[in-house]
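Peer 1: Next comes the structure file model.txt, holding compact mmCIF, C-alpha atoms.
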```txt
# COMPACT_ATOMS: atom_id res chain seq x y z
CA MET A 667 78.24 118.62 117.59
CA SER A 668 81.92 117.91 117.99
CA ALA A 669 84.43 120.53 116.89
CA ILE A 670 86.70 117.92 115.28
CA LYS A 671 87.69 119.05 111.80
CA CYS A 672 90.05 116.25 110.77
CA VAL A 673 90.18 112.55 111.66
CA GLY A 674 92.88 109.99 110.91
CA ILE A 675 92.30 106.32 110.16
CA LEU A 676 94.68 103.36 110.29
CA THR A 677 94.63 99.56 110.29
CA SER A 678 97.03 97.57 112.42
CA GLY A 679 97.85 93.99 113.40
CA GLY A 680 96.69 91.03 111.35
CA ASP A 681 94.49 91.88 108.38
CA ALA A 682 90.88 90.73 108.33
CA PRO A 683 88.31 90.60 105.51
CA GLY A 684 86.03 93.62 105.91
CA MET A 685 88.71 96.09 106.97
CA ASN A 686 88.34 97.87 103.62
CA ALA A 687 84.60 98.13 104.16
CA ALA A 688 85.32 99.76 107.53
CA ILE A 689 87.85 102.18 105.99
CA ARG A 690 85.25 103.11 103.39
CA ALA A 691 82.55 103.64 106.01
CA VAL A 692 84.72 105.78 108.30
CA THR A 693 85.89 107.92 105.39
CA ARG A 694 82.47 108.54 103.93
CA ALA A 695 80.75 109.05 107.29
CA ALA A 696 83.36 111.65 108.22
CA ILE A 697 83.06 113.48 104.90
CA PHE A 698 79.25 113.34 105.17
CA ASN A 699 79.59 115.17 108.51
CA GLY A 700 82.00 117.78 107.16
CA ILE A 701 85.14 116.23 108.67
CA ALA A 702 88.35 115.84 106.66
CA VAL A 703 89.94 112.37 106.60
CA LYS A 704 93.59 111.39 106.45
CA GLY A 705 94.57 107.80 105.73
CA ILE A 706 97.61 106.55 107.63
CA TYR A 707 99.46 103.77 105.82
CA ARG A 708 101.14 100.81 107.58
CA GLY A 709 99.54 101.32 110.96
CA TYR A 710 101.45 102.84 113.84
CA LYS A 711 104.68 102.53 111.87
CA GLY A 712 103.30 104.81 109.16
CA LEU A 713 102.08 107.21 111.81
CA ILE A 714 105.63 107.55 113.09
CA THR A 715 107.24 107.80 109.64
CA GLY A 716 104.57 110.10 108.21
CA GLU A 717 102.90 107.91 105.55
CA ILE A 718 99.75 110.02 105.65
CA VAL A 719 97.48 110.94 102.75
CA LEU A 720 94.36 113.11 102.54
CA PHE A 721 91.42 110.87 101.65
CA LYS A 722 88.49 111.86 99.48
CA THR A 723 85.39 109.77 98.85
CA GLU A 724 86.95 108.41 95.62
CA ASN A 725 89.90 107.00 97.60
CA VAL A 726 87.54 104.40 99.02
CA SER A 727 85.54 103.65 95.89
CA ASN A 728 85.41 100.03 94.72
CA ILE A 729 87.11 98.56 97.80
CA ILE A 730 84.20 97.13 99.81
CA GLN A 731 84.50 93.75 98.06
CA HIS A 732 88.24 93.30 98.60
CA GLY A 733 89.95 91.45 101.45
CA GLY A 734 93.07 92.75 103.18
CA THR A 735 93.47 96.49 103.80
CA ILE A 736 94.27 99.25 101.32
CA LEU A 737 95.97 101.12 104.18
CA LYS A 738 98.38 98.20 104.70
CA THR A 739 99.53 97.01 108.10
CA ALA A 740 102.93 96.54 109.74
CA ARG A 741 104.48 95.68 113.07
CA CYS A 742 106.08 98.57 114.93
CA THR A 743 108.32 97.97 117.93
CA GLU A 744 109.12 101.69 118.14
CA PHE A 745 105.49 102.51 118.95
CA LYS A 746 105.78 100.31 122.04
CA THR A 747 108.20 102.85 123.54
CA PRO A 748 107.24 106.22 125.09
CA GLU A 749 109.62 107.93 122.67
CA GLY A 750 107.96 106.30 119.68
CA ARG A 751 104.49 107.26 120.85
CA LYS A 752 105.64 110.87 121.37
CA ILE A 753 106.81 110.96 117.74
CA ALA A 754 103.44 109.52 116.68
CA TYR A 755 101.54 112.13 118.70
CA ASP A 756 103.66 114.97 117.35
CA ARG A 757 102.94 113.72 113.84
CA LEU A 758 99.19 113.76 114.52
CA VAL A 759 99.42 117.35 115.76
CA ALA A 760 101.57 118.44 112.81
CA GLU A 761 99.09 116.88 110.36
CA GLY A 762 96.15 118.58 112.05
CA ILE A 763 94.56 115.24 112.91
CA GLU A 764 92.37 115.88 115.93
CA ALA A 765 91.05 112.35 116.48
CA LEU A 766 91.98 108.85 115.40
CA VAL A 767 90.03 105.75 114.32
CA VAL A 768 91.99 102.51 114.57
CA ILE A 769 90.89 99.18 113.10
CA GLY A 770 92.41 95.98 114.45
CA GLY A 771 92.53 93.46 117.26
CA ASP A 772 93.73 93.30 120.84
CA GLY A 773 97.26 94.62 120.17
CA THR A 774 95.94 97.50 118.08
CA LEU A 775 93.49 98.60 120.76
CA THR A 776 96.12 98.24 123.47
CA GLY A 777 98.40 100.64 121.60
CA ALA A 778 95.50 103.02 121.04
CA ARG A 779 94.57 103.00 124.70
CA ILE A 780 98.11 103.85 125.83
CA LEU A 781 98.46 106.66 123.26
CA ALA A 782 95.07 108.08 124.24
CA GLN A 783 95.94 108.07 127.94
CA GLU A 784 99.43 109.51 127.59
CA PHE A 785 98.34 112.49 125.50
CA ASN A 786 94.65 112.86 126.38
CA TYR A 787 93.88 112.21 122.75
CA PRO A 788 90.49 111.06 121.34
CA ILE A 789 90.63 107.60 119.75
CA VAL A 790 87.85 105.20 118.73
CA GLY A 791 88.58 101.56 117.91
CA ILE A 792 86.85 99.21 115.49
CA PRO A 793 87.28 95.47 116.18
CA GLY A 794 88.86 93.87 113.10
CA THR A 795 90.16 90.36 113.77
CA ILE A 796 89.20 86.94 112.48
CA ASP A 797 89.71 85.46 115.97
CA ASN A 798 86.50 87.08 117.32
CA ASP A 799 88.22 87.37 120.70
CA LEU A 800 87.46 90.95 121.76
CA TYR A 801 85.23 91.38 124.78
CA GLY A 802 82.08 93.50 124.47
CA THR A 803 81.08 92.65 120.92
CA ASP A 804 79.17 89.60 119.74
CA ILE A 805 81.25 89.42 116.58
CA THR A 806 84.34 91.07 115.07
CA ILE A 807 85.00 92.12 111.48
CA GLY A 808 86.50 89.26 109.48
CA TYR A 809 85.28 86.42 111.67
CA ASP A 810 82.32 85.40 109.48
CA THR A 811 84.44 85.35 106.32
CA ALA A 812 87.16 83.28 107.99
CA LEU A 813 84.56 80.87 109.32
CA ASN A 814 83.15 80.37 105.82
CA THR A 815 86.67 79.82 104.45
CA ILE A 816 87.29 77.14 107.09
CA MET A 817 83.98 75.47 106.32
CA GLU A 818 84.71 75.33 102.59
CA ALA A 819 88.23 73.98 103.19
CA VAL A 820 87.02 71.26 105.56
CA ASP A 821 84.30 70.25 103.10
CA LYS A 822 87.07 69.56 100.57
CA ILE A 823 89.27 67.76 103.10
CA ARG A 824 86.36 65.48 104.01
CA ASP A 825 86.26 64.19 100.44
CA THR A 826 89.78 62.81 100.70
CA ALA A 827 89.39 61.77 104.34
CA THR A 828 86.39 59.63 103.38
CA SER A 829 88.14 58.14 100.36
CA HIS A 830 91.08 56.94 102.46
CA ASP A 831 89.45 56.18 105.85
CA ARG A 832 91.66 58.72 107.57
CA LEU A 833 91.62 60.84 110.68
CA PHE A 834 92.40 64.45 109.77
CA PHE A 835 93.48 67.12 112.23
CA VAL A 836 92.83 70.54 110.71
CA GLU A 837 94.58 73.48 112.37
CA VAL A 838 92.79 76.82 112.33
CA MET A 839 93.77 80.23 113.69
CA GLY A 840 92.91 81.31 117.21
CA ARG A 841 96.02 81.44 119.37
CA ASP A 842 94.11 82.23 122.56
CA ALA A 843 90.52 81.68 121.48
CA GLY A 844 88.64 78.71 120.08
CA PHE A 845 85.76 80.48 118.34
CA LEU A 846 86.92 79.56 114.83
CA ALA A 847 87.69 75.95 115.76
CA LEU A 848 84.45 75.33 117.64
CA ASN A 849 82.03 77.02 115.25
CA GLY A 850 84.02 75.79 112.25
CA ALA A 851 83.62 72.23 113.54
CA ILE A 852 79.86 72.62 113.89
CA ALA A 853 79.49 74.26 110.47
CA SER A 854 81.56 71.63 108.67
CA GLY A 855 80.18 68.61 110.49
CA ALA A 856 83.52 67.80 112.13
CA GLU A 857 83.61 65.26 114.94
CA ALA A 858 85.38 67.41 117.53
CA ALA A 859 87.21 70.65 118.26
CA ILE A 860 90.26 71.05 120.47
CA ILE A 861 90.33 74.58 121.85
CA PRO A 862 92.47 76.46 124.41
CA GLU A 863 89.55 77.42 126.66
CA ILE A 864 88.88 73.77 127.51
CA ALA A 865 92.38 72.32 127.17
CA VAL A 866 93.35 73.52 130.65
CA GLU A 867 90.32 71.78 132.18
CA LYS A 868 90.49 68.34 130.61
CA ASP A 869 92.22 66.13 128.10
CA GLN A 870 90.09 66.84 125.05
CA LEU A 871 91.82 64.31 122.81
CA ALA A 872 91.48 61.44 125.28
CA GLU A 873 87.85 62.32 125.97
CA THR A 874 87.06 62.42 122.26
CA ILE A 875 88.60 59.02 121.57
CA GLU A 876 87.33 57.31 124.73
CA ASN A 877 83.76 58.45 124.07
CA GLY A 878 83.51 56.04 121.18
CA PHE A 879 85.20 58.25 118.59
CA ARG A 880 84.81 56.80 115.07
CA LYS A 881 82.83 53.75 116.21
CA SER A 882 80.44 54.07 113.31
CA LYS A 883 82.56 56.17 110.96
CA ASN A 884 85.17 55.43 108.34
CA SER A 885 86.74 58.88 108.51
CA SER A 886 86.83 61.72 110.98
CA ILE A 887 87.87 65.36 111.12
CA VAL A 888 88.93 67.25 114.22
CA LEU A 889 89.56 71.01 114.24
CA VAL A 890 92.43 72.23 116.42
CA ALA A 891 93.11 75.83 117.46
CA GLU A 892 96.73 76.89 116.79
CA SER A 893 97.48 77.41 120.47
CA ASP A 894 100.45 76.57 122.67
CA VAL A 895 97.86 75.21 125.09
CA THR A 896 96.44 72.72 122.60
CA GLY A 897 99.79 71.93 121.00
CA GLY A 898 98.38 72.67 117.56
CA ALA A 899 97.45 70.05 115.00
CA MET A 900 100.99 68.71 114.67
CA GLY A 901 101.32 68.23 118.42
CA VAL A 902 97.96 66.48 118.68
CA ALA A 903 98.74 64.24 115.68
CA GLU A 904 102.10 63.18 117.13
CA ARG A 905 100.38 62.20 120.33
CA VAL A 906 97.79 60.13 118.47
CA LYS A 907 100.50 58.28 116.57
CA LYS A 908 102.08 57.27 119.87
CA GLU A 909 99.01 56.54 121.98
CA TYR A 910 96.53 55.38 119.32
CA PRO A 911 98.61 53.85 116.51
CA GLN A 912 95.56 52.20 114.95
CA PHE A 913 94.55 55.52 113.38
CA ASP A 914 95.81 56.64 109.95
CA VAL A 915 96.49 60.30 110.79
CA ARG A 916 96.93 63.31 108.54
CA VAL A 917 97.38 67.02 109.32
CA THR A 918 96.28 70.10 107.39
CA ILE A 919 97.24 73.61 108.55
CA LEU A 920 95.02 76.21 106.92
CA GLY A 921 97.25 79.13 107.96
CA HIS A 922 96.87 82.50 106.27
CA LEU A 923 94.30 81.12 103.84
CA GLN A 924 91.80 82.03 106.56
CA ARG A 925 92.64 85.73 106.45
CA GLY A 926 92.09 86.27 102.75
CA GLY A 927 89.18 86.45 100.36
CA SER A 928 86.28 88.72 99.60
CA PRO A 929 84.33 89.53 102.79
CA THR A 930 80.90 88.01 103.25
CA ALA A 931 77.77 90.15 103.24
CA GLN A 932 77.68 89.94 107.03
CA ASP A 933 81.23 91.26 107.37
CA ARG A 934 80.59 94.07 104.88
CA ILE A 935 77.44 95.16 106.70
CA LEU A 936 79.07 94.85 110.13
CA ALA A 937 82.11 96.88 109.03
CA SER A 938 79.89 99.54 107.45
CA ARG A 939 77.79 99.91 110.59
CA MET A 940 80.82 100.06 112.86
CA GLY A 941 82.59 102.58 110.62
CA VAL A 942 79.64 104.97 110.74
CA ALA A 943 79.30 104.34 114.49
CA ALA A 944 82.96 105.30 115.04
CA ILE A 945 82.38 108.74 113.54
CA ASP A 946 79.11 109.08 115.50
CA ALA A 947 81.09 108.40 118.68
CA LEU A 948 83.55 111.18 117.90
CA LEU A 949 80.71 113.56 117.09
CA GLU A 950 79.29 112.75 120.53
CA ASP A 951 82.67 113.51 122.12
CA GLN A 952 83.24 109.88 123.11
CA ARG A 953 86.83 108.68 123.34
CA ASN A 954 88.80 105.59 124.30
CA VAL A 955 85.97 103.31 123.23
CA MET A 956 85.60 100.43 120.82
CA THR A 957 82.52 100.08 118.65
CA GLY A 958 80.80 96.77 119.22
CA ILE A 959 77.59 94.99 118.41
CA GLN A 960 75.36 93.24 120.93
CA ASN A 961 72.00 91.73 120.00
CA ASP A 962 72.26 93.51 116.64
CA GLN A 963 72.59 96.91 118.32
CA ILE A 964 75.68 99.14 118.18
CA VAL A 965 77.36 99.61 121.57
CA TYR A 966 80.46 101.45 122.76
CA VAL A 967 82.87 99.50 124.94
CA PRO A 968 85.66 101.19 126.94
CA PHE A 969 89.13 100.12 125.78
CA SER A 970 89.88 98.92 129.31
CA LYS A 971 87.03 96.37 129.17
CA ALA A 972 87.54 95.30 125.56
CA ILE A 973 91.23 94.57 126.12
CA LYS A 974 91.40 93.30 129.71
CA ASN A 975 88.37 91.01 129.83
CA ASP A 976 88.46 87.58 128.21
CA LYS A 977 85.57 86.85 125.88
CA PRO A 978 83.91 83.63 127.07
CA ILE A 979 83.19 80.73 124.76
CA ASN A 980 79.56 79.63 124.54
CA ARG A 981 79.70 76.26 126.26
CA GLU A 982 76.32 75.23 124.87
CA LEU A 983 78.09 74.95 121.52
CA LEU A 984 80.42 72.30 122.97
CA ASN A 985 77.42 70.19 123.86
CA THR A 986 75.90 70.78 120.42
CA LEU A 987 79.08 69.51 118.76
CA ARG A 988 79.23 66.49 121.07
CA VAL A 989 75.60 65.54 120.38
CA LEU A 990 76.00 65.90 116.60
CA SER A 991 79.26 63.96 116.36
CA ILE A 992 77.84 60.51 117.15
```
In structure tokens, write the structure found in this file.
Peer 2:
Amino acid sequence: MSAIKCVGILTSGGDAPGMNAAIRAVTRAAIFNGIAVKGIYRGYKGLITGEIVLFKTENVSNIIQHGGTILKTARCTEFKTPEGRKIAYDRLVAEGIEALVVIGGDGTLTGARILAQEFNYPIVGIPGTIDNDLYGTDITIGYDTALNTIMEAVDKIRDTATSHDRLFFVEVMGRDAGFLALNGAIASGAEAAIIPEIAVEKDQLAETIENGFRKSKNSSIVLVAESDVTGGAMGVAERVKKEYPQFDVRVTILGHLQRGGSPTAQDRILASRMGVAAIDALLEDQRNVMTGIQNDQIVYVPFSKAIKNDKPINRELLNTLRVLSI
């Protein structure tokens, strides 16, 4: 058994539904194993400024159903400097926190990896991001809830698109990854998805329209990932107005709507499993790893792999969408 007596927990980066379930799981798994827990508010910023509170099991009661994060999150430029990280490390030592669990996405894990390396400090990461873009795990916390939010929104947009014979471009999150756009398109019955992974290979808009787009349909919906590579929904719509003026085009940007809401059962279960797994990792003296799930089994992925490797899109899904959009 590990000799760790106190663990800290923080959330950082963009919030994701299910983060509270993960906070709850980490806290209760630690207490179950006789380890004290300290909650660190506002991510790495709170670690530097000392917003740290001892957590008991009641601190995480009645939070599993809520979106967002009770620990809050904030950007912290100071943590990106060696001086800032030294302050953060000194704070951990002063608080008696012997290991850290961080919940967040790529930026969060990158910061954790650097801190862990600089001070030989044990840290375990939990992947919490709606983008589902972290390598080594089939799914990230928050992705399923965001996908359901997109599906419900597009269902409503289709009602008005059909009524007015319009072409709607719906922008979803995913700056560097098209998982939400692609799977959201399949789930909502959209006609196409424009995603960054494919945008560099071919002209997705031209291909969509030239393949007989809307031949037999009065209205159509295309999901667009909010990427500089794709140009976002506004960029795509402007191009359509110039090159294909026969279409009556409208744009909807879902924005932060996708990050909110009560987490789905899948996200609650995933977060709970990963939270317990994070404490198990520390008990096994593992460090600098991210909890992940592959084929419904918990795995531990080194930070270096989770951060550096790009998670590939399932190209079979592109064909599925193309087949179903006729």
Peer 1: Select from segment 744-763 of chain A every residue with an atom at most 7 Å from any atom of segment 714-734 of chain A, then for each give the shortest pair of atoms and their distance in Å to one decimal, using only C-alpha atoms, rows by chain and rising number, as a Markdown table.
Peer 2:
```
| residue | atom | partner | partner_atom | distance |
| --- | --- | --- | --- | --- |
| A:Ile753 | CA | A:Ile714 | CA | 5.9 |
| A:Ala754 | CA | A:Ile714 | CA | 4.6 |
| A:Arg757 | CA | A:Ile714 | CA | 6.8 |
```
Peer 1: Show me, as a PyMOL selection string, the residues that have an atom within 12 Å of Ala682 of chain A when counting all atoms listed in the file, minus same-chain residues fewer than 3 positions from it.
Peer 2: chain A and resi 677-679+685-688+732-736+738-739+769-771+792-798+806-813+922-930+933-934+937
Peer 1: Just the selected residues (C-alpha atoms), exported as a PDB file, in the frame of the given file, please.
Peer 2:
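In the end it all went to result.pdb:
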```pdb
ATOM      1  CA  THR A 677      94.630  99.560 110.290  1.00  0.00           C
ATOM      2  CA  SER A 678      97.030  97.570 112.420  1.00  0.00           C
ATOM      3  CA  GLY A 679      97.850  93.990 113.400  1.00  0.00           C
ATOM      4  CA  MET A 685      88.710  96.090 106.970  1.00  0.00           C
ATOM      5  CA  ASN A 686      88.340  97.870 103.620  1.00  0.00           C
ATOM      6  CA  ALA A 687      84.600  98.130 104.160  1.00  0.00           C
ATOM      7  CA  ALA A 688      85.320  99.760 107.530  1.00  0.00           C
ATOM      8  CA  HIS A 732      88.240  93.300  98.600  1.00  0.00           C
ATOM      9  CA  GLY A 733      89.950  91.450 101.450  1.00  0.00           C
ATOM     10  CA  GLY A 734      93.070  92.750 103.180  1.00  0.00           C
ATOM     11  CA  THR A 735      93.470  96.490 103.800  1.00  0.00           C
ATOM     12  CA  ILE A 736      94.270  99.250 101.320  1.00  0.00           C
ATOM     13  CA  LYS A 738      98.380  98.200 104.700  1.00  0.00           C
ATOM     14  CA  THR A 739      99.530  97.010 108.100  1.00  0.00           C
ATOM     15  CA  ILE A 769      90.890  99.180 113.100  1.00  0.00           C
ATOM     16  CA  GLY A 770      92.410  95.980 114.450  1.00  0.00           C
ATOM     17  CA  GLY A 771      92.530  93.460 117.260  1.00  0.00           C
ATOM     18  CA  ILE A 792      86.850  99.210 115.490  1.00  0.00           C
ATOM     19  CA  PRO A 793      87.280  95.470 116.180  1.00  0.00           C
ATOM     20  CA  GLY A 794      88.860  93.870 113.100  1.00  0.00           C
ATOM     21  CA  THR A 795      90.160  90.360 113.770  1.00  0.00           C
ATOM     22  CA  ILE A 796      89.200  86.940 112.480  1.00  0.00           C
ATOM     23  CA  ASP A 797      89.710  85.460 115.970  1.00  0.00           C
ATOM     24  CA  ASN A 798      86.500  87.080 117.320  1.00  0.00           C
ATOM     25  CA  THR A 806      84.340  91.070 115.070  1.00  0.00           C
ATOM     26  CA  ILE A 807      85.000  92.120 111.480  1.00  0.00           C
ATOM     27  CA  GLY A 808      86.500  89.260 109.480  1.00  0.00           C
ATOM     28  CA  TYR A 809      85.280  86.420 111.670  1.00  0.00           C
ATOM     29  CA  ASP A 810      82.320  85.400 109.480  1.00  0.00           C
ATOM     30  CA  THR A 811      84.440  85.350 106.320  1.00  0.00           C
ATOM     31  CA  ALA A 812      87.160  83.280 107.990  1.00  0.00           C
ATOM     32  CA  LEU A 813      84.560  80.870 109.320  1.00  0.00           C
ATOM     33  CA  HIS A 922      96.870  82.500 106.270  1.00  0.00           C
ATOM     34  CA  LEU A 923      94.300  81.120 103.840  1.00  0.00           C
ATOM     35  CA  GLN A 924      91.800  82.030 106.560  1.00  0.00           C
ATOM     36  CA  ARG A 925      92.640  85.730 106.450  1.00  0.00           C
ATOM     37  CA  GLY A 926      92.090  86.270 102.750  1.00  0.00           C
ATOM     38  CA  GLY A 927      89.180  86.450 100.360  1.00  0.00           C
ATOM     39  CA  SER A 928      86.280  88.720  99.600  1.00  0.00           C
ATOM     40  CA  PRO A 929      84.330  89.530 102.790  1.00  0.00           C
ATOM     41  CA  THR A 930      80.900  88.010 103.250  1.00  0.00           C
ATOM     42  CA  ASP A 933      81.230  91.260 107.370  1.00  0.00           C
ATOM     43  CA  ARG A 934      80.590  94.070 104.880  1.00  0.00           C
ATOM     44  CA  ALA A 937      82.110  96.880 109.030  1.00  0.00           C
TER      45      ALA A 937
END
```
Peer 1: Atom CA of Gln963 of chain A and atom CA of Glu950 of chain A, how far apart in Å?
Peer 2: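 Rounded to one decimal, the two atoms are 17.3 Å apart.
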Peer 1: Just the number, please: distance in Å from atom CA of His830 of chain A to atom CA of Ile852 of chain A, one decimal.
Peer 2: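 Value for the atom CA of His830 of chain A-atom CA of Ile852 of chain A distance: 22.4 Å.
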Peer 1: Can you pull out the residues contacting Val989 of chain A? Cut-off 12 Å, using all atoms listed in the file, and skip same-chain residues under 4 positions away; I want them as a list in words.
Peer 2: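 The neighbour list is Ile852, Gly855, Ala856, Glu857, Ala858, Asn877, Glu982, Leu983, Leu984 and Asn985 of chain A.
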Peer 1: Restricting the calculation to all atoms listed in the file, which member of A:Ala740, A:Leu775, A:Ala872, A:Leu713 is positioned closest to Val759 of chain A?
Peer 2: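 Nearest candidate to Val759 of chain A out of A:Ala740, A:Leu775, A:Ala872, A:Leu713: A:Leu713.
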Peer 1: Which residues of segment 843-920 of chain A have any atom within 7 Å of an atom in segment 831-837 of chain A when counting only C-alpha atoms, and what is the closest pair of atoms for each, with the distance in Å to one decimal? Order the rows by chain and rising number and write it as a Markdown table.
Peer 2:
```
| residue | atom | partner | partner_atom | distance |
| --- | --- | --- | --- | --- |
| A:Asn884 | CA | A:Asp831 | CA | 5.0 |
| A:Ser885 | CA | A:Asp831 | CA | 4.7 |
| A:Ser886 | CA | A:Leu833 | CA | 4.9 |
| A:Ile887 | CA | A:Phe834 | CA | 4.8 |
| A:Val888 | CA | A:Phe835 | CA | 5.0 |
| A:Leu889 | CA | A:Val836 | CA | 4.8 |
| A:Val890 | CA | A:Glu837 | CA | 4.8 |
| A:Ala891 | CA | A:Glu837 | CA | 5.8 |
| A:Glu892 | CA | A:Glu837 | CA | 6.0 |
| A:Gly898 | CA | A:Glu837 | CA | 6.5 |
| A:Ala899 | CA | A:Glu837 | CA | 5.2 |
| A:Ala903 | CA | A:Phe835 | CA | 6.9 |
| A:Phe913 | CA | A:Leu833 | CA | 6.6 |
| A:Asp914 | CA | A:Arg832 | CA | 5.2 |
| A:Val915 | CA | A:Leu833 | CA | 4.9 |
| A:Arg916 | CA | A:Phe834 | CA | 4.8 |
| A:Val917 | CA | A:Phe835 | CA | 4.9 |
| A:Thr918 | CA | A:Val836 | CA | 4.8 |
| A:Ile919 | CA | A:Glu837 | CA | 4.7 |
| A:Leu920 | CA | A:Glu837 | CA | 6.1 |
```
Peer 1: Nearest residue to Ala853 of chain A out of A:Ile979, A:Val902, A:Leu990, A:Ile701, using only C-alpha atoms?
Peer 2: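 With only C-alpha atoms as the atom set, the closest residue is A:Leu990.
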Peer 1: Go ahead and compute the interatomic distance for atom CA of Gly941 of chain A and atom CA of Ala702 of chain A, in Å to one decimal.
Peer 2: 15.0 Å
Peer 1: Would you mind telling me which residue in A:Pro788, A:Gly840, A:Gly762, A:Pro978 lies nearest to Gln952 of chain A when using only C-alpha atoms?
Peer 2: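 Smallest separation from Gln952 of chain A among the options: A:Pro788.
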Peer 1: Which residues, written as a list of chain:residue names, have at least one atom at most 8 Å from Ile763 of chain A, with all atoms listed in the file counted and residues fewer than 5 positions away on the same chain left out?
Peer 2: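 That gives A:Lys671, A:Cys672, A:Val673, A:Gly674, A:Lys704, A:Leu758.
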Peer 1: Which of these residues is nearest to Thr986 of chain A, using only C-alpha atoms: A:Ala843, A:Ala859, A:Ile697, A:Val895?
Peer 2: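 For Thr986 of chain A, the nearest of the candidates is A:Ala859.
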Peer 1: Have a look at A:Val703, A:Leu987, A:Ala943, A:Val790 and name the one nearest to Thr776 of chain A; count all atoms listed in the file.
Peer 2: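 Checking each candidate against Thr776 of chain A, we get A:Val790 as the closest.
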Peer 1: Smallest atom-to-atom distance to Thr815 of chain A: which of A:Pro683, A:Tyr755, A:Ala760, A:Thr957, using only C-alpha atoms?
Peer 2: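 Of A:Pro683, A:Tyr755, A:Ala760, A:Thr957, the one nearest Thr815 of chain A is A:Pro683, counting only C-alpha atoms.
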Peer 1: Using only C-alpha atoms, give me every residue within 8 Å of (92.0, 112.9, 121.3) in file coordinates, as a list of chain:residue names.
Peer 2: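 Those residues, ordered by chain and then number, are A:Glu764, A:Ala765, A:Leu766, A:Ala782, A:Phe785, A:Asn786, A:Tyr787, A:Pro788, A:Ile789, A:Arg953.
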Peer 1: Which polymer residues have any atom within 10 Å of an atom of Asp804 of chain A, counting only C-alpha atoms, with same-chain residues fewer than 3 positions away left out, as a ChimeraX atom specification?
Peer 2: /A:798-801,958-963,977
Peer 1: Could the residues in this selection be saved with C-alpha atoms as a compact mmCIF listing (two decimals), keeping the file's coordinate frame?
Peer 2:
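Result file follows (out14.txt):
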```txt
# COMPACT_ATOMS: atom_id res chain seq x y z
CA ASN A 798 86.50 87.08 117.32
CA ASP A 799 88.22 87.37 120.70
CA LEU A 800 87.46 90.95 121.76
CA TYR A 801 85.23 91.38 124.78
CA GLY A 958 80.80 96.77 119.22
CA ILE A 959 77.59 94.99 118.41
CA GLN A 960 75.36 93.24 120.93
CA ASN A 961 72.00 91.73 120.00
CA ASP A 962 72.26 93.51 116.64
CA GLN A 963 72.59 96.91 118.32
CA LYS A 977 85.57 86.85 125.88
```
